[in-house]
>>> print(open('model-v3.cif').read())   # mmCIF, N, CA and C atoms
data_coords
#
loop_
_atom_site.label_atom_id
_atom_site.label_comp_id
_atom_site.auth_asym_id
_atom_site.auth_seq_id
_atom_site.Cartn_x
_atom_site.Cartn_y
_atom_site.Cartn_z
N MET A 1 -15.56 24.69 -26.11
CA MET A 1 -14.90 23.87 -27.08
C MET A 1 -15.59 22.53 -27.08
N ASP A 2 -15.74 21.95 -28.26
CA ASP A 2 -16.46 20.71 -28.43
C ASP A 2 -15.74 19.89 -29.50
N SER A 3 -16.22 18.71 -29.78
CA SER A 3 -15.63 17.87 -30.80
C SER A 3 -16.74 17.18 -31.59
N ARG A 4 -16.62 17.20 -32.89
CA ARG A 4 -17.54 16.50 -33.78
C ARG A 4 -16.72 15.57 -34.64
N ASP A 5 -16.91 14.28 -34.48
CA ASP A 5 -16.16 13.29 -35.25
C ASP A 5 -14.65 13.52 -35.15
N GLY A 6 -14.17 13.87 -33.97
CA GLY A 6 -12.75 14.09 -33.77
C GLY A 6 -12.23 15.44 -34.21
N THR A 7 -13.08 16.30 -34.73
CA THR A 7 -12.71 17.63 -35.17
C THR A 7 -13.03 18.63 -34.08
N GLN A 8 -12.05 19.47 -33.72
CA GLN A 8 -12.33 20.49 -32.71
C GLN A 8 -13.31 21.52 -33.26
N VAL A 9 -14.21 21.95 -32.39
CA VAL A 9 -15.23 22.92 -32.76
C VAL A 9 -15.32 23.97 -31.65
N LEU A 10 -15.41 25.23 -32.03
CA LEU A 10 -15.68 26.30 -31.08
C LEU A 10 -17.09 26.82 -31.36
N LEU A 11 -17.87 26.97 -30.29
CA LEU A 11 -19.24 27.45 -30.43
C LEU A 11 -19.43 28.70 -29.58
N ARG A 12 -20.23 29.64 -30.09
CA ARG A 12 -20.54 30.87 -29.35
C ARG A 12 -22.05 31.05 -29.35
N ARG A 13 -22.61 31.30 -28.19
CA ARG A 13 -24.05 31.53 -28.09
C ARG A 13 -24.31 33.02 -28.25
N ASP A 14 -25.20 33.38 -29.17
CA ASP A 14 -25.49 34.78 -29.43
C ASP A 14 -26.73 35.29 -28.70
N GLY A 15 -27.19 34.54 -27.71
CA GLY A 15 -28.37 34.92 -26.96
C GLY A 15 -29.56 34.03 -27.26
N SER A 16 -29.56 33.44 -28.47
CA SER A 16 -30.68 32.56 -28.81
C SER A 16 -30.23 31.23 -29.41
N VAL A 17 -29.15 31.23 -30.18
CA VAL A 17 -28.66 29.99 -30.80
C VAL A 17 -27.15 29.89 -30.68
N TRP A 18 -26.65 28.66 -30.81
CA TRP A 18 -25.21 28.42 -30.84
C TRP A 18 -24.71 28.56 -32.27
N ARG A 19 -23.58 29.23 -32.44
CA ARG A 19 -22.99 29.41 -33.77
C ARG A 19 -21.54 28.94 -33.76
N ASP A 20 -21.13 28.33 -34.88
CA ASP A 20 -19.73 27.92 -35.03
C ASP A 20 -18.83 29.13 -35.17
N VAL A 21 -17.66 29.03 -34.57
CA VAL A 21 -16.60 30.03 -34.72
C VAL A 21 -15.41 29.26 -35.30
N PRO A 22 -14.68 29.82 -36.25
CA PRO A 22 -13.51 29.12 -36.77
C PRO A 22 -12.54 28.74 -35.65
N VAL A 23 -11.84 27.65 -35.85
CA VAL A 23 -10.87 27.16 -34.88
C VAL A 23 -9.48 27.57 -35.37
N PRO A 24 -8.60 28.05 -34.47
CA PRO A 24 -7.25 28.39 -34.92
C PRO A 24 -6.49 27.14 -35.34
N PRO A 25 -5.43 27.30 -36.15
CA PRO A 25 -4.63 26.14 -36.56
C PRO A 25 -4.07 25.39 -35.35
N GLY A 26 -3.93 24.08 -35.49
CA GLY A 26 -3.37 23.27 -34.43
C GLY A 26 -4.45 22.80 -33.47
N ALA A 27 -4.04 22.51 -32.26
CA ALA A 27 -4.96 22.04 -31.22
C ALA A 27 -5.19 23.15 -30.21
N VAL A 28 -6.41 23.25 -29.70
CA VAL A 28 -6.76 24.24 -28.68
C VAL A 28 -7.00 23.51 -27.37
N TYR A 29 -6.32 23.96 -26.29
CA TYR A 29 -6.45 23.33 -24.98
C TYR A 29 -7.14 24.22 -23.95
N GLY A 30 -7.26 25.50 -24.24
CA GLY A 30 -7.91 26.40 -23.30
C GLY A 30 -8.24 27.73 -23.95
N LEU A 31 -9.25 28.41 -23.39
CA LEU A 31 -9.68 29.71 -23.89
C LEU A 31 -9.79 30.70 -22.73
N HIS A 32 -9.56 31.97 -23.03
CA HIS A 32 -9.84 33.05 -22.09
C HIS A 32 -10.55 34.13 -22.90
N ILE A 33 -11.75 34.49 -22.47
CA ILE A 33 -12.59 35.39 -23.24
C ILE A 33 -12.79 36.70 -22.49
N LEU A 34 -12.33 37.78 -23.10
CA LEU A 34 -12.55 39.12 -22.54
C LEU A 34 -13.80 39.74 -23.14
N ALA A 35 -14.05 39.47 -24.43
CA ALA A 35 -15.22 39.99 -25.16
C ALA A 35 -15.39 39.14 -26.41
N ALA A 36 -16.49 39.32 -27.11
CA ALA A 36 -16.75 38.55 -28.33
C ALA A 36 -15.68 38.77 -29.39
N ASP A 37 -15.00 39.91 -29.33
CA ASP A 37 -13.94 40.20 -30.29
C ASP A 37 -12.57 40.27 -29.62
N ASP A 38 -12.43 39.60 -28.50
CA ASP A 38 -11.16 39.58 -27.76
C ASP A 38 -11.04 38.25 -27.02
N VAL A 39 -10.71 37.19 -27.80
CA VAL A 39 -10.63 35.83 -27.27
C VAL A 39 -9.21 35.32 -27.46
N TRP A 40 -8.67 34.70 -26.42
CA TRP A 40 -7.33 34.12 -26.44
C TRP A 40 -7.45 32.62 -26.37
N ALA A 41 -6.68 31.90 -27.21
CA ALA A 41 -6.68 30.44 -27.22
C ALA A 41 -5.28 29.93 -26.91
N ALA A 42 -5.20 28.93 -26.05
CA ALA A 42 -3.95 28.26 -25.71
C ALA A 42 -3.90 26.95 -26.46
N GLY A 43 -2.74 26.58 -26.99
CA GLY A 43 -2.67 25.32 -27.70
C GLY A 43 -1.29 24.96 -28.19
N ALA A 44 -1.29 24.22 -29.31
CA ALA A 44 -0.05 23.73 -29.89
C ALA A 44 -0.23 23.55 -31.39
N THR A 45 0.87 23.67 -32.11
CA THR A 45 0.90 23.40 -33.55
C THR A 45 2.07 22.47 -33.82
N CYS A 46 2.28 22.14 -35.07
CA CYS A 46 3.44 21.31 -35.45
C CYS A 46 4.75 21.98 -35.03
N ALA A 47 4.76 23.32 -35.01
CA ALA A 47 5.96 24.07 -34.68
C ALA A 47 6.18 24.22 -33.18
N GLY A 48 5.19 23.88 -32.35
CA GLY A 48 5.33 23.97 -30.90
C GLY A 48 4.18 24.69 -30.23
N ALA A 49 4.43 25.15 -29.03
CA ALA A 49 3.42 25.84 -28.22
C ALA A 49 2.92 27.07 -28.96
N ALA A 50 1.59 27.34 -28.85
CA ALA A 50 1.02 28.46 -29.60
C ALA A 50 -0.03 29.19 -28.78
N VAL A 51 -0.10 30.50 -29.01
CA VAL A 51 -1.15 31.35 -28.45
C VAL A 51 -1.81 32.05 -29.63
N SER A 52 -3.15 32.01 -29.66
CA SER A 52 -3.90 32.64 -30.75
C SER A 52 -4.85 33.68 -30.19
N HIS A 53 -5.12 34.73 -30.99
CA HIS A 53 -6.05 35.77 -30.59
C HIS A 53 -7.13 35.94 -31.65
N TRP A 54 -8.40 35.94 -31.21
CA TRP A 54 -9.57 36.14 -32.09
C TRP A 54 -10.02 37.58 -31.94
N ASP A 55 -10.12 38.31 -33.06
CA ASP A 55 -10.55 39.71 -33.03
C ASP A 55 -12.01 39.88 -33.46
N GLY A 56 -12.73 38.77 -33.49
CA GLY A 56 -14.12 38.80 -33.94
C GLY A 56 -14.28 38.42 -35.39
N GLN A 57 -13.17 38.42 -36.13
CA GLN A 57 -13.18 38.07 -37.56
C GLN A 57 -12.19 36.97 -37.91
N THR A 58 -10.97 37.08 -37.38
CA THR A 58 -9.91 36.13 -37.71
C THR A 58 -9.05 35.82 -36.49
N TRP A 59 -8.37 34.68 -36.57
CA TRP A 59 -7.39 34.31 -35.55
C TRP A 59 -6.02 34.79 -35.99
N ARG A 60 -5.23 35.30 -35.07
CA ARG A 60 -3.83 35.62 -35.30
C ARG A 60 -3.04 34.77 -34.32
N GLN A 61 -2.13 33.95 -34.84
CA GLN A 61 -1.44 32.99 -33.99
C GLN A 61 0.03 33.32 -33.85
N THR A 62 0.56 33.09 -32.65
CA THR A 62 1.97 33.24 -32.36
C THR A 62 2.49 31.93 -31.81
N VAL A 63 3.52 31.39 -32.43
CA VAL A 63 4.17 30.18 -31.91
C VAL A 63 5.23 30.64 -30.93
N VAL A 64 5.21 30.04 -29.75
CA VAL A 64 6.15 30.41 -28.69
C VAL A 64 7.52 29.84 -29.04
N ASP A 65 8.47 30.72 -29.36
CA ASP A 65 9.81 30.30 -29.77
C ASP A 65 10.52 29.49 -28.70
N GLY A 66 11.27 28.48 -29.15
CA GLY A 66 12.12 27.71 -28.25
C GLY A 66 11.42 26.60 -27.49
N PHE A 67 10.17 26.29 -27.83
CA PHE A 67 9.45 25.24 -27.12
C PHE A 67 8.82 24.24 -28.09
N PRO A 68 9.66 23.51 -28.88
CA PRO A 68 9.09 22.49 -29.75
C PRO A 68 8.51 21.36 -28.91
N ARG A 69 7.54 20.65 -29.42
CA ARG A 69 6.86 19.55 -28.72
C ARG A 69 6.34 20.00 -27.36
N SER A 70 5.86 21.21 -27.32
CA SER A 70 5.31 21.78 -26.10
C SER A 70 3.92 22.30 -26.39
N ALA A 71 3.20 22.68 -25.34
CA ALA A 71 1.86 23.22 -25.51
C ALA A 71 1.58 24.26 -24.46
N VAL A 72 0.76 25.23 -24.82
CA VAL A 72 0.23 26.21 -23.87
C VAL A 72 -1.16 25.70 -23.50
N SER A 73 -1.43 25.61 -22.20
CA SER A 73 -2.72 25.07 -21.77
C SER A 73 -3.63 26.13 -21.14
N THR A 74 -3.05 27.28 -20.82
CA THR A 74 -3.86 28.35 -20.23
C THR A 74 -3.33 29.71 -20.68
N VAL A 75 -4.26 30.65 -20.90
CA VAL A 75 -3.89 32.01 -21.32
C VAL A 75 -4.75 33.04 -20.58
N PRO A 76 -4.49 33.25 -19.29
CA PRO A 76 -5.27 34.28 -18.60
C PRO A 76 -4.92 35.66 -19.14
N ALA A 77 -5.95 36.40 -19.51
CA ALA A 77 -5.77 37.76 -20.04
C ALA A 77 -6.34 38.73 -19.00
N LEU A 78 -5.48 39.54 -18.43
CA LEU A 78 -5.91 40.53 -17.45
C LEU A 78 -6.49 41.76 -18.12
N SER A 79 -6.02 42.02 -19.34
CA SER A 79 -6.50 43.12 -20.16
C SER A 79 -6.04 42.82 -21.58
N PRO A 80 -6.48 43.59 -22.58
CA PRO A 80 -5.98 43.34 -23.93
C PRO A 80 -4.46 43.50 -24.06
N ALA A 81 -3.85 44.22 -23.15
CA ALA A 81 -2.41 44.46 -23.21
C ALA A 81 -1.59 43.55 -22.29
N GLU A 82 -2.25 42.79 -21.40
CA GLU A 82 -1.51 41.93 -20.48
C GLU A 82 -2.11 40.53 -20.49
N VAL A 83 -1.39 39.65 -21.22
CA VAL A 83 -1.81 38.26 -21.37
C VAL A 83 -0.67 37.36 -20.93
N TRP A 84 -0.99 36.34 -20.15
CA TRP A 84 -0.01 35.39 -19.66
C TRP A 84 -0.24 34.04 -20.35
N ALA A 85 0.81 33.25 -20.49
CA ALA A 85 0.68 31.92 -21.07
C ALA A 85 1.39 30.92 -20.18
N GLY A 86 0.73 29.79 -19.94
CA GLY A 86 1.33 28.73 -19.12
C GLY A 86 1.11 27.39 -19.79
N GLY A 87 2.05 26.49 -19.64
CA GLY A 87 1.91 25.18 -20.26
C GLY A 87 3.01 24.23 -19.85
N THR A 88 3.33 23.31 -20.76
CA THR A 88 4.32 22.29 -20.46
C THR A 88 5.33 22.17 -21.58
N ALA A 89 6.50 21.68 -21.25
CA ALA A 89 7.52 21.38 -22.24
C ALA A 89 7.61 19.87 -22.38
N GLY A 90 7.60 19.37 -23.59
CA GLY A 90 7.72 17.94 -23.82
C GLY A 90 6.51 17.14 -23.38
N PHE A 91 5.40 17.78 -23.09
CA PHE A 91 4.14 17.15 -22.72
C PHE A 91 4.20 16.36 -21.42
N ILE A 92 5.15 16.66 -20.55
CA ILE A 92 5.20 16.00 -19.25
C ILE A 92 4.10 16.61 -18.40
N GLY A 93 3.09 15.85 -18.07
CA GLY A 93 1.99 16.33 -17.27
C GLY A 93 1.07 17.28 -18.01
N GLY A 94 1.23 17.39 -19.31
CA GLY A 94 0.44 18.33 -20.09
C GLY A 94 -0.57 17.63 -20.97
N PRO A 95 -0.85 18.20 -22.11
CA PRO A 95 -1.83 17.61 -23.02
C PRO A 95 -1.48 16.16 -23.34
N ALA A 96 -2.49 15.37 -23.61
CA ALA A 96 -2.31 13.93 -23.81
C ALA A 96 -1.46 13.60 -25.02
N ARG A 97 -1.48 14.47 -26.04
CA ARG A 97 -0.72 14.19 -27.24
C ARG A 97 -0.39 15.50 -27.95
N PRO A 98 0.70 15.49 -28.73
CA PRO A 98 1.03 16.70 -29.47
C PRO A 98 0.02 16.96 -30.58
N ALA A 99 0.00 18.18 -31.07
CA ALA A 99 -0.90 18.54 -32.18
C ALA A 99 -0.48 17.77 -33.42
N PRO A 100 -1.45 17.19 -34.16
CA PRO A 100 -1.10 16.51 -35.40
C PRO A 100 -0.59 17.51 -36.42
N CYS A 101 0.25 17.07 -37.32
CA CYS A 101 0.85 17.96 -38.31
C CYS A 101 0.41 17.57 -39.70
N TRP A 102 -0.03 18.56 -40.49
CA TRP A 102 -0.45 18.37 -41.86
C TRP A 102 0.29 19.35 -42.75
N PRO A 103 0.43 19.01 -44.03
CA PRO A 103 1.00 19.98 -44.97
C PRO A 103 0.15 21.25 -44.99
N ALA A 104 0.74 22.36 -45.37
CA ALA A 104 0.05 23.65 -45.37
C ALA A 104 -1.20 23.63 -46.24
N SER A 105 -1.25 22.79 -47.26
CA SER A 105 -2.40 22.78 -48.15
C SER A 105 -3.58 21.98 -47.58
N THR A 106 -3.38 21.28 -46.48
CA THR A 106 -4.42 20.46 -45.88
C THR A 106 -5.30 21.28 -44.96
N ASP A 107 -6.59 20.97 -44.91
CA ASP A 107 -7.52 21.64 -43.99
C ASP A 107 -7.10 21.33 -42.57
N ARG A 108 -6.83 22.36 -41.78
CA ARG A 108 -6.37 22.18 -40.40
C ARG A 108 -7.49 22.25 -39.39
N ARG A 109 -8.70 22.42 -39.80
CA ARG A 109 -9.82 22.53 -38.86
C ARG A 109 -9.89 21.33 -37.95
N GLY A 110 -9.45 20.17 -38.41
CA GLY A 110 -9.53 18.95 -37.62
C GLY A 110 -8.35 18.73 -36.69
N ALA A 111 -7.44 19.69 -36.58
CA ALA A 111 -6.29 19.51 -35.70
C ALA A 111 -6.74 19.35 -34.27
N GLY A 112 -6.23 18.34 -33.61
CA GLY A 112 -6.50 18.17 -32.19
C GLY A 112 -7.41 17.11 -31.96
#
>>> encode(input="model-v3.cif", output="structure tokens")
Amino acid sequence: MDSRDGTQVLLRRDGSVWRDVPVPPGAVYGLHILAADDVWAAGATCAGAAVSHWDGQTWRQTVVDGFPRSAVSTVPALSPAEVWAGGTAGFIGGPARPAPCWPASTDRRGAG
């Protein structure tokens, strides 16, 4: 994970060059990679703590119910069927700031 002008960026090396990978909505605080098409992202959105999964083409995101103003900071995946999520509630000892919130029509690539 990297940042360009305050915008979060994910990069993947294909053996010879670095390539951009789309960033899931919200802020990303951690990644766990099982394969190029099996990547888990820990983070936060306006709605609260979030876990996202990359299938090689698109991100699918799940907001963790019941944890507003919270964030997931780690997502260890033991297998495609067993994924754990850990983080903080209310940002006590967690990420420095909550994920910024934009209307749905706004480009969210810069979240975080």
>>> resolve_selection(input="model-v3.cif", expression="the PyMOL selection byres ((chain A and resi 43-51) around 5)", output="number ranges by chain")
A: 26-29, 41-42, 52-53, 61-64, 67-72
>>> atom_distance(input="model-v3.cif", atom1="atom N of A:Gly56", atom2="atom N of A:Asp37")
4.9 Å
>>> atom_distance(input="model-v3.cif", atom1="atom C of A:Gly86", atom2="atom N of A:Leu31")
11.0 Å
>>> atom_distance(input="model-v3.cif", atom1="atom CA of A:Val17", atom2="atom N of A:Ile33")
19.4 Å
>>> axis_aligned_box(input="model-v3.cif", around="stretch 19-37 of chain A", padding_each_side="8 Å", output="JSON")
{"center_x": -13.5, "center_y": 31.2, "center_z": -29.4, "size_x": 36.2, "size_y": 34.2, "size_z": 30.7}
>>> resolve_selection(input="model-v3.cif", expression="the PyMOL selection byres ((chain A and resi 55) around 6.5)", output="short mmCIF file (atom, residue, chain, number, x, y, z; two decimals) with N, CA and C atoms, in the coordinates of the input")
data_model
loop_
_atom_site.label_atom_id
_atom_site.label_comp_id
_atom_site.auth_asym_id
_atom_site.auth_seq_id
_atom_site.Cartn_x
_atom_site.Cartn_y
_atom_site.Cartn_z
N ALA A 36 -16.49 39.32 -27.11
CA ALA A 36 -16.75 38.55 -28.33
C ALA A 36 -15.68 38.77 -29.39
N ASP A 37 -15.00 39.91 -29.33
CA ASP A 37 -13.94 40.20 -30.29
C ASP A 37 -12.57 40.27 -29.62
N ASP A 38 -12.43 39.60 -28.50
CA ASP A 38 -11.16 39.58 -27.76
C ASP A 38 -11.04 38.25 -27.02
N VAL A 39 -10.71 37.19 -27.80
CA VAL A 39 -10.63 35.83 -27.27
C VAL A 39 -9.21 35.32 -27.46
N HIS A 53 -5.12 34.73 -30.99
CA HIS A 53 -6.05 35.77 -30.59
C HIS A 53 -7.13 35.94 -31.65
N TRP A 54 -8.40 35.94 -31.21
CA TRP A 54 -9.57 36.14 -32.09
C TRP A 54 -10.02 37.58 -31.94
N GLY A 56 -12.73 38.77 -33.49
CA GLY A 56 -14.12 38.80 -33.94
C GLY A 56 -14.28 38.42 -35.39
N GLN A 57 -13.17 38.42 -36.13
CA GLN A 57 -13.18 38.07 -37.56
C GLN A 57 -12.19 36.97 -37.91
N THR A 58 -10.97 37.08 -37.38
CA THR A 58 -9.91 36.13 -37.71
C THR A 58 -9.05 35.82 -36.49
N TRP A 59 -8.37 34.68 -36.57
CA TRP A 59 -7.39 34.31 -35.55
C TRP A 59 -6.02 34.79 -35.99
N ARG A 60 -5.23 35.30 -35.07
CA ARG A 60 -3.83 35.62 -35.30
C ARG A 60 -3.04 34.77 -34.32
#
>>> closest_residue(input="model-v3.cif", among="A:Asp65, A:Asp20, A:Arg12, A:Leu34", to="A:Leu78", atoms="only C-alpha atoms")
A:Leu34
>>> residues_near_point(input="model-v3.cif", point="(1.5, 27.2, -20.3)", cutoff="5 Å", atoms="all atoms listed in the file", output="PyMOL selection string")
chain A and resi 72-74+85-88
>>> resolve_selection(input="model-v3.cif", expression="the PyMOL selection byres ((chain A and resi 21) around 7)", output="count of residues only")
9
